[in-house]
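Engineer: First the structure, which I've put down as C-alpha cells, then a few questions once you've had a look.
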Amino acid sequence: MSLQQKIQQIITDPTLSAKQKSSYLALEADASLPYLPVSQVVREAMDSGILCDMFEGNAPFKPRYVLPDYAKFLKQGSEYLELQAAENLDEALNALTIIYHHVPSVTNIPVYLGQLDQVLMPYTAGLDEETIYQKIKLFWIMLDRTLPDAFMHVNIGPTDNIICRTILRVDAELKQVAPNLTFMYDPEITPEDLLQQAAANICECSKPHIANYPMHAQSYDQQGFGIVSCYNSLPLAGGANTLVRLNLKETALRADSSEDFFSRTLPHYCSLMYELIEARSQFLHEQSHFFDSFLVKEGLIEESRFAPMFGIYGMAEAVNILLNKTDLTDIPLNNSKSQYGHCEAANLLGHQISEALDRIVKSTAVTYGYHGRALLHSQGGISLDEDVTPGVRIPYGTEPDPVAHIQALAKHHQYYTSGISEILTIDETVKSNPLAMYQLCKGALNLGFREFSANVASNDLIRVTGYMIKLSDIERFKEQGSRTNTTGLGAEAAANTSILNRKPRVASHEQSPRYVR
C-alpha cells in the first residue's frame, strides 16, 4: 500500500476520531523517513523478528517515556507556561492539568502523572475529607476524558495520607480505563489496612498494581523513581530515551543447545541490541533538540537521568525450545508438566537466562544511560505478537494455581530494574473474600515480586499487558470505535495474543501464600 493510500485509509476510517486520525497521520509521516543508519546484520535481525524497536519511529524526536518532577514544578511555577507557584489545591490541580498537555511520550500522552499523593499533600491544608474527595473525583474524570489513554499512569503510597486514600476510593468508584495506577507498598511505612484497601480495589476494578517499594527504591538514587505506562520503573526527573526488545524465542531457535545459547547466540544478539540502542538514543540526544525544551531549562527533567530500556520477551518459549535441544533424560518433554512454569528444571533455566541478561546489561556501557547503563526490562508484549509470550510470563491458559505461579516466577524479579509484571487471573469468588487477594499479594512481595498485578475474571475492566481496557469497549470497537486510544490495541491483542484465554484460578484459603515456606 502506498503512503497516499495509507493516508486516505486513515482519514476515511469511520471508527477514528479527528484527534486519533491526526495521531495516525503523524505516525505515517515519521515512518516515511529513511531509518537511522544501522548495520545490515541489525537490519536483518529486525526484519526476522529477533529485534524490535517498538515502533517508536524511524527518527525519534522525543523520548519514549518522560518523568518530570511535578513537585518542583508546583513549587516554582513555570516561566514557559506563564504559571505562578501553586498556593492551594485548586491551583495545583489546574497547573498539573496544564503541564500534562506539554509532556511528550511515545504515545503523545503523558505516561507519568506523578507521585500524586506526595505532590498534592502540601496543598490540602484546611480542607476536609469530603471537599478533597469532590476535587479529586472531578480531576480523575477530567484525566480520563481529556487524555484517554490507558498508558497514562499515577503513583501513590507508600505513606498513609488523605490523597492516597481518596484516590483509591475514587478509582474503585469510577472504574475508569485511565489513569493506570500503582500503589507503592513498604512494610516499614505502609499500614496494613491501607494495603488491604489497595487489594480490595483490585477485586473491584483490577487496579492498582502494587509495587514493592523498597525493592524499586534500592535500584535508584535519592532523587527517586516513578512507575509509568504499564509498569515501567524509571528515574524521576528523567525517563527512557528508547525501548528496544529482544525476542528470546527467536534467539533460542538459532541456538544448537543451551550451552550454545549462553555462549554464542544470546551474546551475539545482545550486541546487536546495543547497536540499535546507540543509534536511536544518539539521534534523540544529539539531533532532535528535545533536550533544549523548557522541561530541561526549568529543571523538571535532566538529560543524564534518561536511560535505554533493554527489553526481552518470549522467555517461556525460549526455555521450552532449549529444553528440547538439551539431553535431559529424566524429564519427559512431551507434556505440559515439563514446561516453563510447571517444571523445576525449566524454571531454573529461565532464571539462568535472566541472570545472564542481568550480567550483560550491567557490564555494557551506553553513551546515554543511567550511570552509563541501560536498564533491563521484562517487556509486556504488543498486540501484534503471535505465538510468543510477553516478558517472562507463563503462557496464557497454562497458568498453575496462584501460589505455584508466584513461586515459579519470583526469582526473575530481582533482575528487571526497569519493570517486570505478571498478571494473575483470579476467579470472581475472591470478591467475597478480598482478604485472600491481600494475602496473595503479601506472599508475592515477600517472595521477591517487584510488582503484583491481578485481574478478577468477572470484571469488565482488565489488564492486557499492563494497561487497562474494558471488555465491553472491545465488543463495540469494530462498529463504533472508541474514544479511548488504547481500546484498539486491546482489541488487536485479544484477537492475536490470547489474552482472553488466561485461566482464572481460585485464591483459596489453602493456597494462601502465608503457607508458602
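Chains: A, B, ... in order of the C-alpha cells. Residues: from 1 per chain. Ligands: from 1, in order shown.
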Can you tell me which residues surround Leu246 of chain A at a distance of at most 9 Å, considering only C-alpha atoms, apart from same-chain residues fewer than 3 positions away, and format the answer as a list of chain:residue names?
Structural biologist: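 Close residues of Leu246 of chain A: A:Gly49, A:Ile50, A:Leu51, A:Cys52, A:Lys249, A:Glu250, A:Thr251, A:Tyr269, A:Cys270, A:Met273, A:Phe310, A:Gly311, A:Ile312, A:Tyr313, A:Gly314.
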Engineer: Just to be explicit: take each residue in the selection above, keep C-alpha atoms, and write the result as a CSV table (one decimal), in the first residue's frame.
Structural biologist:
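Writing done, so here's part29.csv:
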chain,number,residue,atom,x,y,z
A,49,GLY,CA,11.7,-10.5,14.3
A,50,ILE,CA,14.6,-11.0,16.6
A,51,LEU,CA,15.0,-7.3,17.4
A,52,CYS,CA,12.1,-4.8,17.7
A,249,LYS,CA,12.2,-17.3,21.4
A,250,GLU,CA,13.8,-16.5,18.1
A,251,THR,CA,17.2,-16.3,19.7
A,269,TYR,CA,22.0,-10.7,19.6
A,270,CYS,CA,22.6,-8.6,22.7
A,273,MET,CA,20.6,-4.8,20.5
A,310,PHE,CA,16.8,-3.3,27.3
A,311,GLY,CA,13.6,-5.3,26.8
A,312,ILE,CA,13.1,-9.0,26.5
A,313,TYR,CA,10.1,-11.2,25.8
A,314,GLY,CA,9.4,-14.9,24.9
Engineer: Using only C-alpha atoms, which protein or nucleic acid residues come within 7 Å of segment 65-67 of chain A? Drop anything in the same chain fewer than 5 positions from it, and give the result as a ChimeraX atom specification.
Structural biologist: /A:104-106,111-112,236-241
Engineer: Taking only segment 375-424 of chain A into account, list the residues labelled helix (DSSP H, G or I) by DSSP (computed from the backbone), as a tab-separated table (two decimals) with N, CA and C atoms, in the first residue's frame.
Structural biologist:
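Writing the result to out_32.tsv gives the following:
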chain	number	residue	atom	x	y	z
A	402	PRO	N	-2.35	-20.02	41.84
A	402	PRO	CA	-1.67	-18.75	42.10
A	402	PRO	C	-0.38	-18.87	42.88
A	403	VAL	N	-0.32	-19.73	43.88
A	403	VAL	CA	0.90	-19.86	44.67
A	403	VAL	C	2.02	-20.45	43.83
A	404	ALA	N	1.74	-21.53	43.09
A	404	ALA	CA	2.76	-22.12	42.23
A	404	ALA	C	3.19	-21.13	41.15
A	405	HIS	N	2.26	-20.34	40.67
A	405	HIS	CA	2.55	-19.30	39.67
A	405	HIS	C	3.57	-18.31	40.23
A	406	ILE	N	3.32	-17.84	41.42
A	406	ILE	CA	4.22	-16.87	42.05
A	406	ILE	C	5.58	-17.50	42.33
A	407	GLN	N	5.59	-18.71	42.85
A	407	GLN	CA	6.85	-19.38	43.17
A	407	GLN	C	7.70	-19.59	41.92
A	408	ALA	N	7.06	-19.89	40.80
A	408	ALA	CA	7.80	-20.15	39.57
A	408	ALA	C	8.52	-18.92	39.04
A	409	LEU	N	7.95	-17.74	39.28
A	409	LEU	CA	8.46	-16.54	38.63
A	409	LEU	C	9.17	-15.57	39.56
A	410	ALA	N	9.07	-15.76	40.86
A	410	ALA	CA	9.57	-14.77	41.81
A	410	ALA	C	11.06	-14.46	41.62
A	411	LYS	N	11.87	-15.47	41.33
A	411	LYS	CA	13.31	-15.24	41.25
A	411	LYS	C	13.72	-14.39	40.06
A	412	HIS	N	12.85	-14.25	39.07
A	412	HIS	CA	13.16	-13.37	37.95
A	412	HIS	C	13.17	-11.90	38.37
A	413	HIS	N	12.37	-11.53	39.34
A	413	HIS	CA	12.07	-10.12	39.59
A	413	HIS	C	13.28	-9.31	40.04
A	414	GLN	N	14.25	-9.94	40.67
A	414	GLN	CA	15.42	-9.21	41.14
A	414	GLN	C	16.22	-8.59	40.00
A	415	TYR	N	16.08	-9.10	38.79
A	415	TYR	CA	16.95	-8.69	37.70
A	415	TYR	C	16.40	-7.54	36.85
Engineer: Give me, as a list of chain:residue names, all polymer residues having an atom no more than 8 Å from segment 469-475 of chain A, counting only C-alpha atoms and skipping those fewer than 5 positions away in the same chain.
Structural biologist: A:Ala150, A:Val177, A:Asp460, A:Leu461, A:Ile462, A:Arg463, A:Val464, A:Ser482, A:Thr486, A:Thr487, A:Gly488, A:Gly490, A:Ala491
Engineer: As a list in words, please: the residues near Lys337 of chain A (cut-off 12 Å, only C-alpha atoms, same-chain neighbours under 5 positions excluded).
Structural biologist: Asn320, Ile331, Pro332, His342, Cys343, Glu344, Ala345, Ala346, Asn347, Thr398, Glu399 and Pro400 of chain A
Engineer: Could you take the residues named above and write them with C-alpha atoms, as a CSV table (one decimal), in the first residue's frame?
Structural biologist:
chain,number,residue,atom,x,y,z
A,320,ASN,CA,10.9,-24.9,26.2
A,331,ILE,CA,12.4,-35.0,32.2
A,332,PRO,CA,9.5,-36.1,29.9
A,342,HIS,CA,5.5,-26.1,35.8
A,343,CYS,CA,8.9,-27.9,35.9
A,344,GLU,CA,11.7,-27.1,38.3
A,345,ALA,CA,14.4,-27.7,35.6
A,346,ALA,CA,12.5,-25.4,33.2
A,347,ASN,CA,12.1,-22.7,35.8
A,398,THR,CA,-1.5,-22.8,31.1
A,399,GLU,CA,-1.1,-20.9,34.4
A,400,PRO,CA,-0.8,-23.1,37.5
Engineer: Taking into account only C-alpha atoms, which residue in the set A:Ile99, A:Thr12, A:Asn108, A:Ala279 is nearest to Leu27 of chain A?
Structural biologist: A:Asn108
Engineer: What is the atom CA of Ser23 of chain A-atom CA of Thr107 of chain A distance in Å, reported with one decimal?
Structural biologist: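 Here the two named atoms are 8.7 Å from each other.
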Engineer: What's the 10 Å shell around Thr182 of chain A, counting only C-alpha atoms, without same-chain residues fewer than 2 positions away, as a list of chain:residue names?
Structural biologist: A:Gln115, A:His153, A:Val154, A:Asn155, A:Ile156, A:Gly157, A:Pro179, A:Asn180, A:Met184, A:Tyr185, A:Ala198, A:Lys207, A:Pro208, A:His209, A:Ile210, A:Ala211, A:Gly226, A:Ile227, A:Val228, A:Cys230, A:Tyr231, A:Glu451, A:Phe452, A:Ser453
Engineer: Any idea what's packed within 12 Å of segment 87-93 of chain A, counting only C-alpha atoms, ignoring anything in its chain fewer than 5 positions away? Could you give it as a PDB file with C-alpha atoms, in the first residue's frame?
Structural biologist:
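Ended up saving to part.pdb:
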ATOM      1  CA  TYR A  70       5.939  17.715  39.263  1.00  0.00           C
ATOM      2  CA  ALA A  71       6.526  18.670  42.902  1.00  0.00           C
ATOM      3  CA  LYS A  72       9.272  21.049  41.775  1.00  0.00           C
ATOM      4  CA  PHE A  73       7.004  22.399  39.051  1.00  0.00           C
ATOM      5  CA  LEU A  74       4.229  23.262  41.530  1.00  0.00           C
ATOM      6  CA  LYS A  75       6.673  24.890  43.939  1.00  0.00           C
ATOM      7  CA  GLN A  76       8.400  27.109  41.370  1.00  0.00           C
ATOM      8  CA  GLY A  77       5.765  27.644  38.679  1.00  0.00           C
ATOM      9  CA  ILE A  98      -1.925  22.354  32.020  1.00  0.00           C
ATOM     10  CA  ILE A  99       1.541  20.808  32.126  1.00  0.00           C
ATOM     11  CA  TYR A 100       0.309  17.313  31.316  1.00  0.00           C
ATOM     12  CA  LEU A 113       1.326  11.971  36.153  1.00  0.00           C
ATOM     13  CA  GLY A 114       3.462  11.949  39.291  1.00  0.00           C
ATOM     14  CA  LEU A 116       0.296  12.359  43.213  1.00  0.00           C
ATOM     15  CA  ASP A 117      -0.267  11.999  46.924  1.00  0.00           C
ATOM     16  CA  VAL A 119       2.832  16.061  45.077  1.00  0.00           C
ATOM     17  CA  LEU A 120      -0.583  17.258  46.293  1.00  0.00           C
ATOM     18  CA  MET A 121      -0.404  16.823  50.067  1.00  0.00           C
ATOM     19  CA  PRO A 122       1.269  20.251  50.654  1.00  0.00           C
ATOM     20  CA  TYR A 123      -1.861  21.895  49.228  1.00  0.00           C
ATOM     21  CA  THR A 124      -4.523  20.195  51.370  1.00  0.00           C
ATOM     22  CA  ALA A 125      -4.287  22.367  54.492  1.00  0.00           C
ATOM     23  CA  GLY A 126      -7.698  23.445  55.786  1.00  0.00           C
ATOM     24  CA  LEU A 127      -9.659  21.113  53.516  1.00  0.00           C
ATOM     25  CA  ASP A 128     -11.967  18.459  54.894  1.00  0.00           C
ATOM     26  CA  THR A 131     -14.003  18.585  49.815  1.00  0.00           C
ATOM     27  CA  ILE A 132     -10.836  16.747  48.836  1.00  0.00           C
ATOM     28  CA  TYR A 133     -12.927  13.836  47.548  1.00  0.00           C
ATOM     29  CA  GLN A 134     -15.008  16.092  45.291  1.00  0.00           C
ATOM     30  CA  LYS A 135     -11.937  17.801  43.837  1.00  0.00           C
ATOM     31  CA  ILE A 136     -10.037  14.566  43.220  1.00  0.00           C
ATOM     32  CA  LYS A 137     -13.090  12.931  41.661  1.00  0.00           C
ATOM     33  CA  LEU A 138     -13.525  15.761  39.157  1.00  0.00           C
ATOM     34  CA  PHE A 139      -9.787  15.683  38.419  1.00  0.00           C
ATOM     35  CA  TRP A 140      -9.943  11.902  37.847  1.00  0.00           C
ATOM     36  CA  MET A 142     -11.044  15.061  33.586  1.00  0.00           C
ATOM     37  CA  LEU A 143      -7.963  12.879  33.121  1.00  0.00           C
ATOM     38  CA  ILE A 163      -4.868  11.976  48.981  1.00  0.00           C
TER      39      ILE A 163
END
Engineer: If you measure from atom CA of Leu276 of chain A to atom CA of Leu376 of chain A, what distance in Å do you get, rounded to one decimal?
Structural biologist: 15.2 Å
